[in-house]
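Student: Data file protein_24.cif (mmCIF, C-alpha atoms) is appended below.
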```cif
data_target
#
loop_
_atom_site.label_atom_id
_atom_site.label_comp_id
_atom_site.auth_asym_id
_atom_site.auth_seq_id
_atom_site.Cartn_x
_atom_site.Cartn_y
_atom_site.Cartn_z
CA MET A 1 -99.08 -168.13 -19.37
CA ILE A 2 -95.96 -167.84 -21.52
CA THR A 3 -95.31 -165.39 -24.35
CA LYS A 4 -92.12 -165.26 -26.37
CA ILE A 5 -91.17 -163.50 -29.58
CA ARG A 6 -88.60 -164.34 -32.26
CA ARG A 7 -87.25 -162.06 -34.92
CA PHE A 8 -85.42 -163.21 -38.05
CA ASP A 9 -82.77 -161.45 -40.07
CA PHE A 10 -84.59 -161.93 -43.37
CA LEU A 11 -87.86 -161.00 -45.09
CA ASP A 12 -87.84 -157.48 -43.64
CA LYS A 13 -87.23 -158.72 -40.08
CA LEU A 14 -90.03 -161.28 -39.90
CA GLU A 15 -91.45 -161.53 -36.34
CA VAL A 16 -93.16 -164.50 -34.70
CA LEU A 17 -95.02 -164.37 -31.37
CA GLN A 18 -95.71 -167.61 -29.52
CA ALA A 19 -98.22 -167.63 -26.65
CA VAL A 20 -99.01 -170.63 -24.47
CA ASP A 21 -102.12 -170.65 -22.25
CA TYR A 22 -102.78 -166.99 -23.02
CA GLN A 23 -105.66 -165.64 -20.92
CA GLU A 24 -105.75 -161.88 -21.49
CA ASN A 25 -107.83 -159.78 -23.87
CA PHE A 26 -106.21 -157.85 -26.69
CA PRO A 27 -108.21 -154.57 -26.82
CA TYR A 28 -109.05 -152.81 -30.07
CA HIS A 29 -105.82 -152.09 -31.94
CA PHE A 30 -104.14 -152.37 -35.34
CA HIS A 31 -100.75 -153.46 -36.68
CA ASP A 32 -98.50 -151.93 -39.31
CA ARG A 33 -97.87 -155.47 -40.55
CA ILE A 34 -100.09 -158.29 -41.79
CA CYS A 35 -100.86 -160.84 -39.07
CA ILE A 36 -101.31 -164.55 -39.65
CA THR A 37 -102.26 -166.41 -36.47
CA LEU A 38 -102.23 -170.19 -35.95
CA VAL A 39 -104.42 -171.42 -33.09
CA ASN A 40 -102.86 -174.58 -31.68
CA ARG A 41 -105.01 -174.97 -28.56
CA GLY A 42 -108.44 -173.63 -27.65
CA ILE A 43 -110.16 -171.05 -29.84
CA GLU A 44 -109.49 -167.44 -30.80
CA CYS A 45 -112.22 -164.81 -30.83
CA THR A 46 -111.77 -161.75 -33.06
CA ASN A 47 -114.06 -158.71 -33.23
CA LYS A 48 -113.81 -156.52 -36.33
CA ASN A 49 -116.18 -154.66 -38.63
CA ASP A 50 -119.06 -155.29 -36.19
CA MET A 51 -118.55 -159.06 -36.52
CA GLU A 52 -117.41 -161.73 -34.08
CA LEU A 53 -115.20 -164.35 -35.71
CA ILE A 54 -114.14 -167.62 -34.10
CA THR A 55 -110.97 -169.39 -35.22
CA PRO A 56 -110.97 -173.05 -34.13
CA CYS A 57 -108.03 -175.12 -32.96
CA GLN A 58 -105.69 -175.76 -35.93
CA GLY A 59 -107.35 -172.87 -37.73
CA ILE A 60 -105.68 -169.74 -39.10
CA SER A 61 -106.85 -166.14 -38.74
CA VAL A 62 -105.69 -163.37 -41.08
CA THR A 63 -105.67 -159.67 -40.17
CA PRO A 64 -104.68 -157.13 -42.84
CA GLN A 65 -102.36 -154.21 -42.16
CA ASN A 66 -104.03 -151.34 -40.24
CA GLU A 67 -107.30 -153.25 -39.73
CA VAL A 68 -108.76 -152.39 -36.33
CA HIS A 69 -109.68 -155.49 -34.33
CA ALA A 70 -109.86 -156.93 -30.82
CA ASN A 71 -109.37 -160.40 -29.35
CA PRO A 72 -111.69 -160.67 -26.31
CA ASN A 73 -110.71 -164.19 -25.32
CA LYS A 74 -110.68 -163.83 -21.54
CA ASN A 75 -114.19 -165.24 -21.05
CA LEU A 76 -113.51 -168.17 -23.39
CA GLY A 77 -110.65 -169.66 -21.41
CA SER A 78 -106.97 -169.73 -22.25
CA TYR A 79 -105.66 -170.53 -25.70
CA SER A 80 -102.30 -171.04 -27.37
CA PHE A 81 -101.28 -169.49 -30.65
CA VAL A 82 -98.46 -168.47 -32.95
CA THR A 83 -98.70 -165.15 -34.81
CA TYR A 84 -96.58 -164.07 -37.76
CA TYR A 85 -96.10 -160.32 -38.27
CA ILE A 86 -95.26 -159.93 -41.96
CA SER A 87 -94.23 -156.75 -43.74
CA PRO A 88 -96.59 -155.63 -46.55
CA ASP A 89 -93.46 -155.30 -48.71
CA VAL A 90 -92.89 -159.05 -48.34
CA PHE A 91 -96.44 -159.71 -49.52
CA ARG A 92 -95.90 -157.47 -52.54
CA TYR A 93 -92.60 -159.25 -53.23
CA VAL A 94 -94.31 -162.64 -53.23
CA ASN A 95 -97.05 -161.19 -55.45
CA LEU A 96 -94.54 -159.73 -57.95
CA GLN A 97 -95.30 -156.13 -56.82
CA LYS A 98 -98.96 -156.42 -57.80
CA ASP A 99 -101.83 -155.21 -55.62
CA TYR A 100 -103.77 -157.88 -53.75
CA VAL A 101 -106.83 -158.30 -51.53
CA LEU A 102 -106.90 -160.46 -48.41
CA THR A 103 -110.37 -162.02 -48.70
CA HIS A 104 -110.19 -164.69 -45.98
CA SER A 105 -110.39 -163.86 -42.28
CA ILE A 106 -110.40 -167.50 -41.17
CA ILE A 107 -108.71 -170.39 -42.97
CA GLU A 108 -108.89 -174.12 -42.21
CA ASP A 109 -106.11 -175.73 -44.23
CA LYS A 110 -104.09 -178.53 -42.66
CA LYS A 111 -101.13 -178.19 -45.02
CA LEU A 112 -100.78 -174.42 -44.54
CA TYR A 113 -101.23 -174.75 -40.78
CA GLU A 114 -98.60 -177.47 -40.46
CA ASP A 115 -96.11 -175.70 -42.75
CA LEU A 116 -96.35 -172.40 -40.86
CA LEU A 117 -96.36 -174.03 -37.42
CA GLY A 118 -93.38 -176.20 -38.37
CA PHE A 119 -91.41 -173.12 -39.40
CA ALA A 120 -92.26 -171.28 -36.17
CA LEU A 121 -91.18 -174.17 -33.95
CA SER A 122 -88.12 -175.30 -35.88
CA PRO A 123 -84.68 -174.39 -34.48
CA ILE A 124 -83.40 -174.11 -38.06
CA ASN A 125 -85.26 -171.75 -40.38
CA THR A 126 -84.56 -170.41 -43.84
CA GLU A 127 -86.09 -167.68 -45.93
CA LYS A 128 -86.83 -170.20 -48.68
CA THR A 129 -88.89 -172.39 -46.31
CA PHE A 130 -91.13 -169.54 -45.21
CA LEU A 131 -91.53 -168.14 -48.74
CA SER A 132 -92.72 -171.55 -49.90
CA ALA A 133 -95.53 -171.52 -47.32
CA LEU A 134 -96.38 -167.89 -48.15
CA GLN A 135 -96.57 -168.66 -51.88
CA TYR A 136 -99.00 -171.48 -51.12
CA PHE A 137 -101.06 -169.00 -49.09
CA PHE A 138 -101.14 -166.57 -52.03
CA GLN A 139 -102.08 -169.24 -54.54
CA ASN A 140 -105.08 -170.36 -52.50
CA TYR A 141 -106.30 -167.47 -50.35
CA VAL A 142 -105.40 -164.14 -51.96
CA GLU A 143 -107.09 -162.38 -54.86
CA MET A 144 -105.72 -159.79 -57.24
CA ALA A 145 -106.96 -156.23 -56.76
CA ASN A 146 -108.78 -154.27 -59.42
CA GLY A 147 -107.02 -150.91 -59.40
CA THR A 148 -105.24 -149.37 -56.45
CA VAL A 149 -105.74 -150.85 -53.00
CA GLU A 150 -106.45 -148.14 -50.43
CA MET A 151 -104.94 -149.45 -47.21
CA ASP A 152 -106.04 -146.65 -44.90
CA PRO A 153 -109.08 -144.87 -46.33
CA ILE A 154 -110.35 -141.65 -44.80
CA SER A 155 -112.60 -139.44 -46.91
CA SER A 156 -113.04 -136.25 -44.88
CA ILE A 157 -110.41 -133.56 -45.57
CA ASP A 158 -110.78 -132.23 -42.04
CA LEU A 159 -110.27 -135.65 -40.50
CA GLN A 160 -107.30 -136.24 -42.80
CA ASN A 161 -105.71 -133.02 -41.54
CA ALA A 162 -106.12 -134.25 -37.97
CA LEU A 163 -104.67 -137.63 -38.92
CA ASP A 164 -101.66 -135.99 -40.55
CA TYR A 165 -101.12 -133.92 -37.42
CA LEU A 166 -101.28 -137.06 -35.26
CA LYS A 167 -98.76 -138.90 -37.43
CA GLU A 168 -96.29 -136.02 -37.14
CA ASN A 169 -96.77 -135.27 -33.44
CA PHE A 170 -97.78 -138.54 -31.72
CA HIS A 171 -94.56 -138.45 -29.65
CA ARG A 172 -95.55 -135.08 -28.16
CA PRO A 173 -98.40 -134.24 -25.76
CA ILE A 174 -101.57 -133.91 -27.86
CA SER A 175 -104.90 -132.61 -26.64
CA ILE A 176 -108.29 -133.51 -28.07
CA GLU A 177 -109.04 -129.79 -28.05
CA LYS A 178 -106.16 -129.16 -30.48
CA LEU A 179 -107.36 -131.91 -32.81
CA SER A 180 -110.94 -130.67 -32.73
CA GLN A 181 -109.72 -127.16 -33.59
CA ILE A 182 -107.91 -128.56 -36.65
CA THR A 183 -111.14 -130.14 -37.88
CA GLY A 184 -113.41 -127.28 -36.88
CA MET A 185 -115.58 -129.72 -34.93
CA SER A 186 -116.59 -129.78 -31.30
CA LYS A 187 -114.52 -132.06 -29.08
CA TYR A 188 -117.17 -134.76 -28.81
CA ARG A 189 -118.21 -134.61 -32.44
CA PHE A 190 -114.56 -135.02 -33.44
CA ILE A 191 -114.13 -138.08 -31.21
CA ARG A 192 -117.26 -139.70 -32.68
CA ALA A 193 -116.22 -138.90 -36.27
CA PHE A 194 -112.68 -140.18 -35.72
CA LYS A 195 -113.86 -143.43 -34.16
CA LYS A 196 -116.38 -143.96 -36.96
CA LYS A 197 -113.63 -143.62 -39.58
CA LYS A 198 -110.76 -145.37 -37.77
CA GLY A 199 -112.56 -147.80 -35.48
CA ILE A 200 -110.72 -146.54 -32.38
CA THR A 201 -110.55 -143.30 -30.41
CA PRO A 202 -107.85 -140.67 -31.01
CA GLY A 203 -106.28 -141.59 -27.67
CA GLN A 204 -106.01 -145.27 -28.63
CA TYR A 205 -104.57 -144.31 -32.01
CA ILE A 206 -101.86 -142.22 -30.33
CA ILE A 207 -100.90 -145.08 -27.98
CA LEU A 208 -100.58 -147.51 -30.89
CA LYS A 209 -98.43 -145.07 -32.86
CA ARG A 210 -96.19 -144.63 -29.81
CA ILE A 211 -95.85 -148.40 -29.44
CA ALA A 212 -94.89 -148.72 -33.11
CA LYS A 213 -92.22 -146.06 -32.64
CA ALA A 214 -90.94 -147.71 -29.46
CA LYS A 215 -90.63 -151.04 -31.29
CA GLN A 216 -88.58 -149.36 -34.01
CA LEU A 217 -86.25 -147.78 -31.45
CA LEU A 218 -85.83 -151.04 -29.54
CA ARG A 219 -84.99 -152.83 -32.80
CA ASP A 220 -82.36 -150.16 -33.44
CA GLU A 221 -80.74 -150.95 -30.05
CA HIS A 222 -81.88 -147.83 -28.20
CA THR A 223 -82.30 -148.25 -24.46
CA ILE A 224 -85.75 -148.80 -23.01
CA LEU A 225 -85.50 -145.42 -21.31
CA ASP A 226 -84.69 -143.68 -24.60
CA ALA A 227 -87.49 -145.56 -26.39
CA THR A 228 -89.91 -144.54 -23.65
CA TYR A 229 -89.44 -140.80 -23.92
CA SER A 230 -88.60 -140.61 -27.64
CA SER A 231 -91.88 -142.32 -28.49
CA GLY A 232 -93.93 -140.07 -26.23
CA PHE A 233 -94.74 -142.23 -23.19
CA PHE A 234 -94.88 -140.53 -19.80
CA ASP A 235 -92.50 -143.00 -18.12
CA GLN A 236 -91.25 -146.59 -18.36
CA SER A 237 -94.22 -147.93 -16.39
CA HIS A 238 -96.61 -146.27 -18.85
CA MET A 239 -94.81 -147.83 -21.83
CA HIS A 240 -94.43 -151.25 -20.15
CA ARG A 241 -98.14 -151.42 -19.33
CA ASN A 242 -99.33 -150.49 -22.83
CA PHE A 243 -96.63 -152.51 -24.65
CA LYS A 244 -97.61 -155.66 -22.77
CA ARG A 245 -101.30 -154.93 -23.27
CA PHE A 246 -101.15 -154.53 -27.05
CA ILE A 247 -98.09 -156.56 -28.09
CA GLY A 248 -98.32 -159.43 -25.61
CA VAL A 249 -94.70 -159.17 -24.41
CA THR A 250 -92.80 -156.56 -22.39
CA PRO A 251 -90.41 -154.04 -24.00
CA LEU A 252 -87.44 -155.95 -22.54
CA GLU A 253 -88.67 -159.28 -23.93
CA TYR A 254 -89.19 -157.65 -27.32
CA GLN A 255 -85.73 -156.07 -27.26
CA LYS A 256 -84.08 -159.40 -26.42
CA ALA A 257 -85.85 -161.01 -29.37
CA CYS A 258 -84.41 -158.32 -31.63
CA ASN A 259 -80.94 -159.72 -31.01
CA ILE A 260 -81.76 -162.34 -33.68
CA ILE A 261 -82.47 -165.19 -33.17
CA GLN A 262 -83.99 -166.21 -29.84
CA ASP A 263 -85.12 -169.80 -29.32
CA PHE A 264 -88.49 -170.45 -27.71
#
```
Output the structure of this file as structure tokens.

Tutor:
Amino acid sequence: MITKIRRFDFLDKLEVLQAVDYQENFPYHFHDRICITLVNRGIECTNKNDMELITPCQGISVTPQNEVHANPNKNLGSYSFVTYYISPDVFRYVNLQKDYVLTHSIIEDKKLYEDLLGFALSPINTEKTFLSALQYFFQNYVEMANGTVEMDPISSIDLQNALDYLKENFHRPISIEKLSQITGMSKYRFIRAFKKKKGITPGQYIILKRIAKAKQLLRDEHTILDATYSSGFFDQSHMHRNFKRFIGVTPLEYQKACNIIQDF
């Protein structure tokens, strides 16, 4: 099993993850970027919104920003894939700052697949080349939104207060008791309500926020030790284990890729 990541100095630091013969499960998680995955061997299984979706070989899966999902592929055998992590600002740029809706979870389009795969594997890449493929994607697989697009809906005021507290304090020790006090709910009622709204538990949400912060610090050339404690992990082993579990590469591999550009 091989996983490598590249990071480009354009389009808001576009990131590309390549995995060969990947055999592990990605547990329920979300990304702060839009993910476009190309399956180039085997199949990819994605669970989201109480559905199981299968992306075939040479197919493309699309995961919107902040959408909770899992990839339980371990029982299906290994597979190989390339995933683009694209800033929502880039999507809005391509769409002339207009709101959009990602309506396709799985796409089978030979031209789009070959264009995106060719960019990922090429030793010479340009912003113009990738934008051309992304514009084709928008023309064929994205719809305009009617009104404002709510990227992270949460209707309960009490739950929103807890979410705000988590966003401000994820790098500090946080107890479920404290969060339940904020909402006025019992501990177990709060956990159920949070998971119903967000799709993951408060503990999982905190880990993912810490990983996002650690990625930012590593991109900004902080040491792994500094990233560990500044993002709220207990120690380097704790960060390494969760980083690899959710991102697919280790913190060191990710940091090396941030030195722009790393060849596969």

Student: Do you know which residues the PyMOL selection byres ((chain A and resi 228) around 10) returns on this file, as JSON, numbers by chain?

Tutor: {"A": [171, 210, 211, 213, 214, 217, 218, 222, 223, 224, 225, 226, 227, 229, 230, 231, 232, 233, 234, 235, 236, 237, 238, 239, 240, 251]}

Student: Ranking A:Lys256, A:Lys111, A:Lys167, A:Arg41 by minimum distance to Ile206 (chain A) and counting all atoms listed in the file, which one comes first?

Tutor: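 Among A:Lys256, A:Lys111, A:Lys167, A:Arg41, it is A:Lys167 that comes nearest to Ile206 (chain A).
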
Student: With all atoms listed in the file as the basis for distance, which of A:Cys35, A:Ile60, A:Leu163, A:Val94 is at the shortest distance from Lys198 (chain A)?

Tutor: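 Smallest separation from Lys198 (chain A) among the options: A:Leu163.
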
Student: Suppose you want the space between CA of Tyr141 (chain A) and CA of Lys74 (chain A); what is it in Å?

Tutor: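 Atom-to-atom, CA of Tyr141 (chain A) to CA of Lys74 (chain A), that is 29.4 Å.
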
Student: Can you find the residues with an atom no farther than 8 Å from (-104.6, -153.2, -39.5), counting all atoms listed in the file, and report them as a list in words?

Tutor: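 I get His29, Phe30, His31, Asp32, Arg33, Ile34, Thr63, Pro64, Gln65, Asn66, Glu67, Val68 and His69 of chain A for the residues within 8 Å of that point.
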
Student: Which of these, A:Glu143, A:Glu44, A:Asp12, A:Glu52, has the shortest distance to Lys98 (chain A) once you count only C-alpha atoms?

Tutor: A:Glu143

Student: Show me, as a VMD selection string, the residues that have an atom within 12 Å of Glu24 (chain A) when counting all atoms listed in the file, minus same-chain residues fewer than 6 positions from it.

Tutor: chain A and resid 1 to 3 44 to 45 70 to 80 244 to 249

Student: Here is a test: counting only C-alpha atoms, which residue of A:Ala193, A:Leu252, A:Ile5, A:Leu11 is nearest to Lys128 (chain A)?

Tutor: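 Ranked by minimum distance to Lys128 (chain A), first place goes to A:Leu11.
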
Student: Which distance in Å separates CA of Asp158 (chain A) and CA of Met185 (chain A), to one decimal?

Tutor: 8.9 Å

Student: Restricting the calculation to only C-alpha atoms, which member of A:Tyr22, A:Phe130, A:Phe10, A:Tyr254 is positioned closest to Phe81 (chain A)?

Tutor: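 Looking only at the distances to Phe81 (chain A), the closest residue turns out to be A:Tyr22.
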
Student: As an exercise, work out the distance from CA of Ala133 (chain A) to CA of Glu253 (chain A) in Å and give it to one decimal place.

Tutor: 27.3 Å

Student: For each of A:Ser87, A:Thr183, A:Gln139, A:Asn40, take the minimum atom-to-atom distance to Gln160 (chain A), counting only C-alpha atoms, then give the residue where this is smallest.

Tutor: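 With only C-alpha atoms as the atom set, the closest residue is A:Thr183.
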
Student: Could you give me the centre and size, in Å to one decimal, of an axis-aligned box around all listed atoms of region 181-200 of chain A with 3 Å added on every side, as AutoDock Vina command-line options?

Tutor:
```
--center_x -113.1 --center_y -137.5 --center_z -34.2 --size_x 16.3 --size_y 26.6 --size_z 16.8
```

Student: Could you tell me which residues the PyMOL selection byres ((chain A and resi 100-104) around 8) grabs in this file, written as a list in words?

Tutor: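 Applying the expression gives Val62, Pro64, Arg92, Asn95, Lys98, Asp99, Ser105, Ile106, Ile107, Tyr141, Val142, Glu143, Met144, Ala145 and Val149 of chain A.
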
Student: For Ala120 (chain A), work out the shell of residues within 12 Å, counting all atoms listed in the file and skipping chain neighbours fewer than 5 positions away, then give it as number ranges by chain.

Tutor: A: 4-8, 14-19, 36-38, 40, 81-85, 113-115, 125-126, 129-130, 133, 261-264
